[in-house]
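Peer 1: Just one file: upload-v4.cif, with mmCIF, N, CA and C atoms.
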data_upload
#
loop_
_atom_site.label_atom_id
_atom_site.label_comp_id
_atom_site.auth_asym_id
_atom_site.auth_seq_id
_atom_site.Cartn_x
_atom_site.Cartn_y
_atom_site.Cartn_z
N MET V 10 43.82 -28.69 -25.35
CA MET V 10 43.90 -27.36 -24.80
C MET V 10 45.36 -26.91 -24.70
N THR V 11 46.21 -27.79 -24.24
CA THR V 11 47.63 -27.46 -24.09
C THR V 11 48.25 -27.13 -25.44
N LYS V 12 47.91 -27.91 -26.46
CA LYS V 12 48.45 -27.65 -27.79
C LYS V 12 47.98 -26.31 -28.33
N ALA V 13 46.74 -25.96 -28.05
CA ALA V 13 46.20 -24.68 -28.51
C ALA V 13 46.95 -23.53 -27.85
N LEU V 14 47.21 -23.64 -26.55
CA LEU V 14 47.96 -22.60 -25.86
C LEU V 14 49.38 -22.48 -26.39
N GLU V 15 50.02 -23.63 -26.61
CA GLU V 15 51.40 -23.61 -27.11
C GLU V 15 51.47 -23.03 -28.51
N SER V 16 50.50 -23.37 -29.38
CA SER V 16 50.53 -22.82 -30.74
C SER V 16 50.25 -21.33 -30.73
N THR V 17 49.39 -20.88 -29.84
CA THR V 17 49.12 -19.44 -29.72
C THR V 17 50.38 -18.72 -29.26
N GLN V 18 51.10 -19.30 -28.31
CA GLN V 18 52.34 -18.70 -27.83
C GLN V 18 53.37 -18.64 -28.94
N ALA V 19 53.47 -19.71 -29.70
CA ALA V 19 54.47 -19.77 -30.78
C ALA V 19 54.17 -18.72 -31.84
N ARG V 20 52.90 -18.55 -32.20
CA ARG V 20 52.53 -17.55 -33.21
C ARG V 20 52.76 -16.13 -32.71
N SER V 21 52.42 -15.87 -31.45
CA SER V 21 52.54 -14.50 -30.95
C SER V 21 53.96 -14.18 -30.49
N GLY V 22 54.79 -15.18 -30.27
CA GLY V 22 56.16 -14.95 -29.83
C GLY V 22 56.26 -14.63 -28.34
N HIS V 23 55.15 -14.76 -27.60
CA HIS V 23 55.14 -14.47 -26.17
C HIS V 23 55.05 -15.77 -25.39
N LYS V 24 55.78 -15.81 -24.31
CA LYS V 24 55.71 -16.95 -23.42
C LYS V 24 54.49 -16.77 -22.50
N LEU V 25 53.78 -17.84 -22.23
CA LEU V 25 52.62 -17.80 -21.36
C LEU V 25 53.04 -17.33 -19.98
N ASP V 26 52.34 -16.36 -19.45
CA ASP V 26 52.62 -15.86 -18.10
C ASP V 26 51.29 -15.51 -17.44
N TRP V 27 50.80 -16.41 -16.58
CA TRP V 27 49.52 -16.20 -15.91
C TRP V 27 49.56 -14.97 -15.02
N ARG V 28 50.71 -14.64 -14.45
CA ARG V 28 50.81 -13.46 -13.58
C ARG V 28 50.47 -12.19 -14.34
N ARG V 29 51.03 -12.07 -15.53
CA ARG V 29 50.79 -10.89 -16.35
C ARG V 29 49.34 -10.83 -16.81
N LYS V 30 48.80 -11.99 -17.19
CA LYS V 30 47.42 -12.05 -17.67
C LYS V 30 46.44 -11.67 -16.56
N VAL V 31 46.66 -12.17 -15.35
CA VAL V 31 45.78 -11.83 -14.24
C VAL V 31 45.90 -10.35 -13.93
N SER V 32 47.10 -9.85 -13.92
CA SER V 32 47.32 -8.43 -13.65
C SER V 32 46.59 -7.55 -14.67
N ASP V 33 46.65 -7.94 -15.93
CA ASP V 33 45.95 -7.17 -16.97
C ASP V 33 44.44 -7.21 -16.76
N HIS V 34 43.91 -8.38 -16.47
CA HIS V 34 42.46 -8.49 -16.25
C HIS V 34 42.01 -7.69 -15.03
N VAL V 35 42.79 -7.75 -13.96
CA VAL V 35 42.45 -6.99 -12.75
C VAL V 35 42.49 -5.49 -13.04
N ALA V 36 43.50 -5.04 -13.76
CA ALA V 36 43.60 -3.61 -14.07
C ALA V 36 42.44 -3.14 -14.94
N PHE V 37 42.15 -3.87 -16.00
CA PHE V 37 41.04 -3.48 -16.87
C PHE V 37 39.69 -3.64 -16.17
N GLY V 38 39.55 -4.67 -15.36
CA GLY V 38 38.32 -4.84 -14.60
C GLY V 38 38.10 -3.71 -13.63
N LEU V 39 39.16 -3.25 -13.00
CA LEU V 39 39.06 -2.13 -12.07
C LEU V 39 38.68 -0.84 -12.81
N LEU V 40 39.24 -0.65 -13.99
CA LEU V 40 38.86 0.52 -14.80
C LEU V 40 37.39 0.47 -15.20
N VAL V 41 36.93 -0.70 -15.64
CA VAL V 41 35.53 -0.85 -16.02
C VAL V 41 34.63 -0.65 -14.80
N TYR V 42 35.01 -1.26 -13.69
CA TYR V 42 34.23 -1.10 -12.45
C TYR V 42 34.12 0.36 -12.07
N THR V 43 35.25 1.06 -12.09
CA THR V 43 35.25 2.46 -11.69
C THR V 43 34.39 3.30 -12.63
N GLY V 44 34.54 3.09 -13.93
CA GLY V 44 33.74 3.84 -14.89
C GLY V 44 32.25 3.57 -14.73
N LEU V 45 31.89 2.30 -14.60
CA LEU V 45 30.49 1.95 -14.40
C LEU V 45 29.96 2.51 -13.09
N HIS V 46 30.76 2.37 -12.05
CA HIS V 46 30.34 2.82 -10.73
C HIS V 46 30.10 4.33 -10.74
N ILE V 47 31.01 5.07 -11.31
CA ILE V 47 30.84 6.52 -11.36
C ILE V 47 29.65 6.89 -12.24
N PHE V 48 29.52 6.24 -13.39
CA PHE V 48 28.40 6.55 -14.29
C PHE V 48 27.06 6.27 -13.63
N VAL V 49 26.93 5.09 -13.03
CA VAL V 49 25.66 4.72 -12.39
C VAL V 49 25.41 5.59 -11.17
N THR V 50 26.43 5.83 -10.38
CA THR V 50 26.27 6.64 -9.18
C THR V 50 25.96 8.09 -9.54
N MET V 51 26.64 8.62 -10.54
CA MET V 51 26.36 10.01 -10.94
C MET V 51 24.95 10.15 -11.47
N THR V 52 24.44 9.14 -12.14
CA THR V 52 23.05 9.17 -12.58
C THR V 52 22.12 9.25 -11.38
N GLN V 53 22.44 8.50 -10.34
CA GLN V 53 21.62 8.54 -9.13
C GLN V 53 21.77 9.86 -8.38
N LEU V 54 22.97 10.43 -8.42
CA LEU V 54 23.18 11.72 -7.76
C LEU V 54 22.31 12.80 -8.39
N LYS V 55 22.21 12.77 -9.71
CA LYS V 55 21.39 13.76 -10.41
C LYS V 55 19.91 13.58 -10.11
N SER V 56 19.48 12.35 -9.86
CA SER V 56 18.06 12.09 -9.65
C SER V 56 17.68 12.03 -8.17
N SER V 57 18.67 12.03 -7.28
CA SER V 57 18.34 11.91 -5.85
C SER V 57 18.09 13.28 -5.24
N SER V 58 17.64 13.24 -4.01
CA SER V 58 17.30 14.48 -3.32
C SER V 58 18.41 14.90 -2.36
N GLY V 59 19.63 14.88 -2.80
CA GLY V 59 20.75 15.36 -1.99
C GLY V 59 21.24 14.38 -0.95
N SER V 60 20.99 13.12 -1.11
CA SER V 60 21.43 12.12 -0.16
C SER V 60 22.94 11.92 -0.26
N VAL V 61 23.57 11.59 0.86
CA VAL V 61 25.00 11.32 0.87
C VAL V 61 25.30 9.85 0.56
N LEU V 62 24.28 9.03 0.43
CA LEU V 62 24.49 7.61 0.19
C LEU V 62 25.23 7.31 -1.12
N PRO V 63 24.96 8.03 -2.21
CA PRO V 63 25.77 7.76 -3.41
C PRO V 63 27.25 8.07 -3.21
N TYR V 64 27.55 9.07 -2.39
CA TYR V 64 28.95 9.36 -2.10
C TYR V 64 29.56 8.23 -1.27
N PHE V 65 28.77 7.65 -0.39
CA PHE V 65 29.23 6.51 0.38
C PHE V 65 29.55 5.33 -0.53
N ALA V 66 28.77 5.17 -1.59
CA ALA V 66 29.02 4.10 -2.55
C ALA V 66 30.38 4.29 -3.21
N LEU V 67 30.77 5.52 -3.48
CA LEU V 67 32.09 5.77 -4.05
C LEU V 67 33.21 5.45 -3.05
N ILE V 68 32.95 5.66 -1.78
CA ILE V 68 33.94 5.31 -0.75
C ILE V 68 34.13 3.80 -0.70
N VAL V 69 33.05 3.04 -0.93
CA VAL V 69 33.16 1.58 -0.95
C VAL V 69 34.16 1.14 -2.00
N LEU V 70 34.21 1.86 -3.11
CA LEU V 70 35.18 1.55 -4.17
C LEU V 70 36.59 1.52 -3.61
N VAL V 71 36.94 2.55 -2.86
CA VAL V 71 38.29 2.64 -2.34
C VAL V 71 38.50 1.69 -1.16
N ALA V 72 37.51 1.56 -0.32
CA ALA V 72 37.67 0.80 0.91
C ALA V 72 37.63 -0.72 0.72
N ALA V 73 36.94 -1.20 -0.31
CA ALA V 73 36.77 -2.64 -0.42
C ALA V 73 37.24 -3.23 -1.75
N ILE V 74 37.00 -2.56 -2.83
CA ILE V 74 37.23 -3.16 -4.13
C ILE V 74 38.71 -3.21 -4.48
N ILE V 75 39.43 -2.14 -4.24
CA ILE V 75 40.86 -2.13 -4.59
C ILE V 75 41.63 -3.20 -3.80
N PRO V 76 41.44 -3.32 -2.49
CA PRO V 76 42.14 -4.41 -1.78
C PRO V 76 41.72 -5.79 -2.28
N ALA V 77 40.45 -5.96 -2.65
CA ALA V 77 40.01 -7.25 -3.18
C ALA V 77 40.72 -7.55 -4.50
N CYS V 78 40.86 -6.55 -5.35
CA CYS V 78 41.57 -6.75 -6.61
C CYS V 78 43.04 -7.07 -6.37
N ARG V 79 43.64 -6.41 -5.41
CA ARG V 79 45.03 -6.70 -5.08
C ARG V 79 45.19 -8.13 -4.56
N TRP V 80 44.18 -8.61 -3.83
CA TRP V 80 44.22 -9.98 -3.31
C TRP V 80 44.19 -10.97 -4.47
N PHE V 81 43.31 -10.73 -5.46
CA PHE V 81 43.27 -11.60 -6.63
C PHE V 81 44.62 -11.63 -7.33
N GLU V 82 45.20 -10.46 -7.50
CA GLU V 82 46.48 -10.37 -8.20
C GLU V 82 47.61 -10.99 -7.39
N ALA V 83 47.58 -10.79 -6.08
CA ALA V 83 48.66 -11.30 -5.22
C ALA V 83 48.71 -12.83 -5.21
N ARG V 84 47.56 -13.46 -5.36
CA ARG V 84 47.53 -14.93 -5.40
C ARG V 84 48.34 -15.47 -6.56
N TRP V 85 48.39 -14.73 -7.65
CA TRP V 85 49.11 -15.19 -8.84
C TRP V 85 50.54 -14.66 -8.89
N SER V 86 50.80 -13.57 -8.23
CA SER V 86 52.15 -12.97 -8.32
C SER V 86 53.22 -13.79 -7.61
N VAL V 87 52.82 -14.71 -6.75
CA VAL V 87 53.80 -15.53 -6.02
C VAL V 87 54.26 -16.75 -6.82
N LEU V 88 53.71 -16.93 -8.00
CA LEU V 88 54.12 -18.06 -8.84
C LEU V 88 55.55 -17.88 -9.33
N THR V 89 56.27 -18.98 -9.42
CA THR V 89 57.60 -18.94 -10.01
C THR V 89 57.44 -18.81 -11.53
N ASP V 90 58.54 -18.58 -12.22
CA ASP V 90 58.48 -18.45 -13.68
C ASP V 90 57.96 -19.74 -14.33
N ASP V 91 58.38 -20.88 -13.82
CA ASP V 91 57.91 -22.16 -14.37
C ASP V 91 56.42 -22.35 -14.11
N GLU V 92 55.98 -22.05 -12.90
CA GLU V 92 54.56 -22.19 -12.57
C GLU V 92 53.71 -21.21 -13.39
N ALA V 93 54.22 -20.01 -13.62
CA ALA V 93 53.47 -18.99 -14.36
C ALA V 93 53.29 -19.36 -15.82
N ALA V 94 54.08 -20.28 -16.32
CA ALA V 94 53.97 -20.71 -17.71
C ALA V 94 53.30 -22.08 -17.84
N ASP V 95 52.72 -22.57 -16.76
CA ASP V 95 52.11 -23.90 -16.77
C ASP V 95 50.69 -23.84 -17.34
N PRO V 96 50.43 -24.48 -18.49
CA PRO V 96 49.09 -24.46 -19.08
C PRO V 96 48.04 -25.16 -18.22
N ALA V 97 48.46 -25.96 -17.26
CA ALA V 97 47.51 -26.65 -16.40
C ALA V 97 46.74 -25.69 -15.49
N LEU V 98 47.21 -24.46 -15.36
CA LEU V 98 46.53 -23.47 -14.52
C LEU V 98 45.40 -22.76 -15.26
N ALA V 99 45.16 -23.11 -16.51
CA ALA V 99 44.13 -22.44 -17.32
C ALA V 99 42.74 -22.50 -16.69
N PRO V 100 42.27 -23.64 -16.17
CA PRO V 100 40.93 -23.64 -15.56
C PRO V 100 40.82 -22.72 -14.35
N GLN V 101 41.84 -22.72 -13.51
CA GLN V 101 41.83 -21.84 -12.34
C GLN V 101 41.88 -20.38 -12.78
N PHE V 102 42.66 -20.09 -13.79
CA PHE V 102 42.76 -18.73 -14.33
C PHE V 102 41.39 -18.27 -14.84
N ARG V 103 40.74 -19.10 -15.64
CA ARG V 103 39.42 -18.74 -16.19
C ARG V 103 38.41 -18.51 -15.08
N ARG V 104 38.41 -19.34 -14.06
CA ARG V 104 37.48 -19.20 -12.95
C ARG V 104 37.70 -17.88 -12.21
N GLU V 105 38.95 -17.57 -11.91
CA GLU V 105 39.22 -16.36 -11.15
C GLU V 105 39.02 -15.10 -11.98
N VAL V 106 39.37 -15.16 -13.26
CA VAL V 106 39.13 -14.00 -14.12
C VAL V 106 37.63 -13.78 -14.31
N SER V 107 36.87 -14.86 -14.36
CA SER V 107 35.40 -14.73 -14.44
C SER V 107 34.85 -14.04 -13.21
N LEU V 108 35.39 -14.37 -12.04
CA LEU V 108 34.97 -13.70 -10.81
C LEU V 108 35.31 -12.21 -10.83
N VAL V 109 36.50 -11.89 -11.34
CA VAL V 109 36.90 -10.48 -11.43
C VAL V 109 35.92 -9.72 -12.31
N TRP V 110 35.58 -10.29 -13.47
CA TRP V 110 34.69 -9.59 -14.40
C TRP V 110 33.25 -9.57 -13.90
N LEU V 111 32.82 -10.61 -13.22
CA LEU V 111 31.50 -10.60 -12.63
C LEU V 111 31.38 -9.48 -11.60
N ALA V 112 32.41 -9.34 -10.78
CA ALA V 112 32.42 -8.27 -9.79
C ALA V 112 32.51 -6.90 -10.45
N ALA V 113 33.34 -6.78 -11.48
CA ALA V 113 33.52 -5.49 -12.15
C ALA V 113 32.23 -5.02 -12.81
N LEU V 114 31.46 -5.95 -13.35
CA LEU V 114 30.23 -5.58 -14.04
C LEU V 114 29.01 -5.58 -13.13
N GLY V 115 28.99 -6.44 -12.12
CA GLY V 115 27.81 -6.58 -11.28
C GLY V 115 27.78 -5.70 -10.05
N LEU V 116 28.92 -5.47 -9.43
CA LEU V 116 28.94 -4.71 -8.19
C LEU V 116 28.48 -3.25 -8.32
N PRO V 117 28.86 -2.53 -9.37
CA PRO V 117 28.36 -1.14 -9.45
C PRO V 117 26.84 -1.06 -9.46
N VAL V 118 26.22 -1.95 -10.20
CA VAL V 118 24.76 -1.95 -10.27
C VAL V 118 24.17 -2.39 -8.93
N ALA V 119 24.73 -3.45 -8.35
CA ALA V 119 24.22 -3.95 -7.07
C ALA V 119 24.39 -2.91 -5.96
N LEU V 120 25.54 -2.27 -5.92
CA LEU V 120 25.76 -1.23 -4.89
C LEU V 120 24.81 -0.06 -5.07
N THR V 121 24.62 0.37 -6.30
CA THR V 121 23.74 1.51 -6.54
C THR V 121 22.30 1.18 -6.14
N PHE V 122 21.81 0.00 -6.54
CA PHE V 122 20.45 -0.39 -6.14
C PHE V 122 20.34 -0.59 -4.64
N GLY V 123 21.39 -1.13 -4.03
CA GLY V 123 21.39 -1.31 -2.58
C GLY V 123 21.33 0.00 -1.84
N PHE V 124 22.15 0.96 -2.24
CA PHE V 124 22.13 2.26 -1.60
C PHE V 124 20.84 3.02 -1.89
N LYS V 125 20.28 2.81 -3.06
CA LYS V 125 19.01 3.44 -3.41
C LYS V 125 17.90 2.86 -2.52
N ALA V 126 17.94 1.56 -2.27
CA ALA V 126 16.94 0.92 -1.39
C ALA V 126 17.06 1.45 0.03
N VAL V 127 18.29 1.60 0.51
CA VAL V 127 18.51 2.14 1.86
C VAL V 127 18.02 3.59 1.93
N ALA V 128 18.28 4.35 0.89
CA ALA V 128 17.83 5.75 0.86
C ALA V 128 16.31 5.84 0.88
N ALA V 129 15.64 4.87 0.25
CA ALA V 129 14.17 4.88 0.23
C ALA V 129 13.60 4.61 1.61
N LEU V 130 14.35 3.89 2.44
CA LEU V 130 13.88 3.61 3.79
C LEU V 130 13.92 4.83 4.70
N PHE V 131 14.81 5.74 4.38
CA PHE V 131 14.95 6.93 5.23
C PHE V 131 14.28 8.06 4.60
#
Since I need it in another form, could you write the structure as structure tokens?

Peer 2:
Amino acid sequence: MTKALESTQARSGHKLDWRRKVSDHVAFGLLVYTGLHIFVTMTQLKSSSGSVLPYFALIVLVAAIIPACRWFEARWSVLTDDEAADPALAPQFRREVSLVWLAALGLPVALTFGFKAVAALF
């Protein structure tokens, strides 16, 4: 694994930097989350009977998701330059990036269904 990372770095001319990679994944994940969330929520807004719950779902985006993304990124931003180039962090990087993408793809759907279920109760 280490040799593969080093050869990829040598071919691309870029030094491995986990901080930058995490930051990129968080930014793109947040964009995907926002797009999905708005698309799914807007679909529900068009089909709902004027409930404010879909608007509340959009507030959750600002109130919870952005700070969570910043927390993921902040954990990696404190690495020194040497630590940020350490290939031994690859398993931890993959695990945390997987969590970011799972949240980016799963939370919009889960929130929309959750708010739809709550709306059905009232």

Peer 1: Quick one: pull the distance between atom C of Arg28 in chain V and atom C of Ser107 in chain V, Å, one decimal.

Peer 2: 15.8 Å

Peer 1: At what distance in Å, to one decimal, does atom C of Trp27 in chain V lie from CA of Arg79 in chain V?

Peer 2: 13.7 Å

Peer 1: I'd like the interatomic distance between CA of Val31 in chain V and CA of Asp91 in chain V, to a tenth of an Å.

Peer 2: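 We find that CA of Val31 in chain V and CA of Asp91 in chain V lie 15.9 Å from each other.
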
Peer 1: With distances taken over all atoms listed in the file, which of V:Ser32, V:Thr50, V:Phe37, V:Arg103 is nearest to Leu120 in chain V?

Peer 2: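 Closest candidate: V:Thr50.
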
Peer 1: Hey, what's within 8 Å of Gly38 in chain V if we count all atoms listed in the file and toss same-chain stuff fewer than 3 positions away? As a ChimeraX atom specification, please?

Peer 2: /V:32-35,41-44,109-110,112-114

Peer 1: When distances are computed from only C-alpha atoms, which of V:Ile47, V:Lys30, V:Leu130, V:Gly115 shows the smallest separation from Leu98 in chain V?

Peer 2: V:Lys30

Peer 1: Let me know the residues the PyMOL selection byres ((chain V and resi 94) around 8) catches in the file above, as an NGL selection string.

Peer 2: :V and (24-28 or 88-93 or 95-98)

Peer 1: Written as number ranges by chain, which residues does the PyMOL selection byres (((chain V and resi 122 and name CA) around 12) and name CA) give for the file shown?

Peer 2: V: 46, 49-50, 52-53, 62-63, 66, 115-121, 123-129

Peer 1: Taking the backbone alone, and naming residues the way the document does, which bits of chain V are alpha helix (DSSP H) by DSSP, as a ChimeraX atom specification?

Peer 2: /V:11-21,27-56,62-69,75-86,90-93,99-130
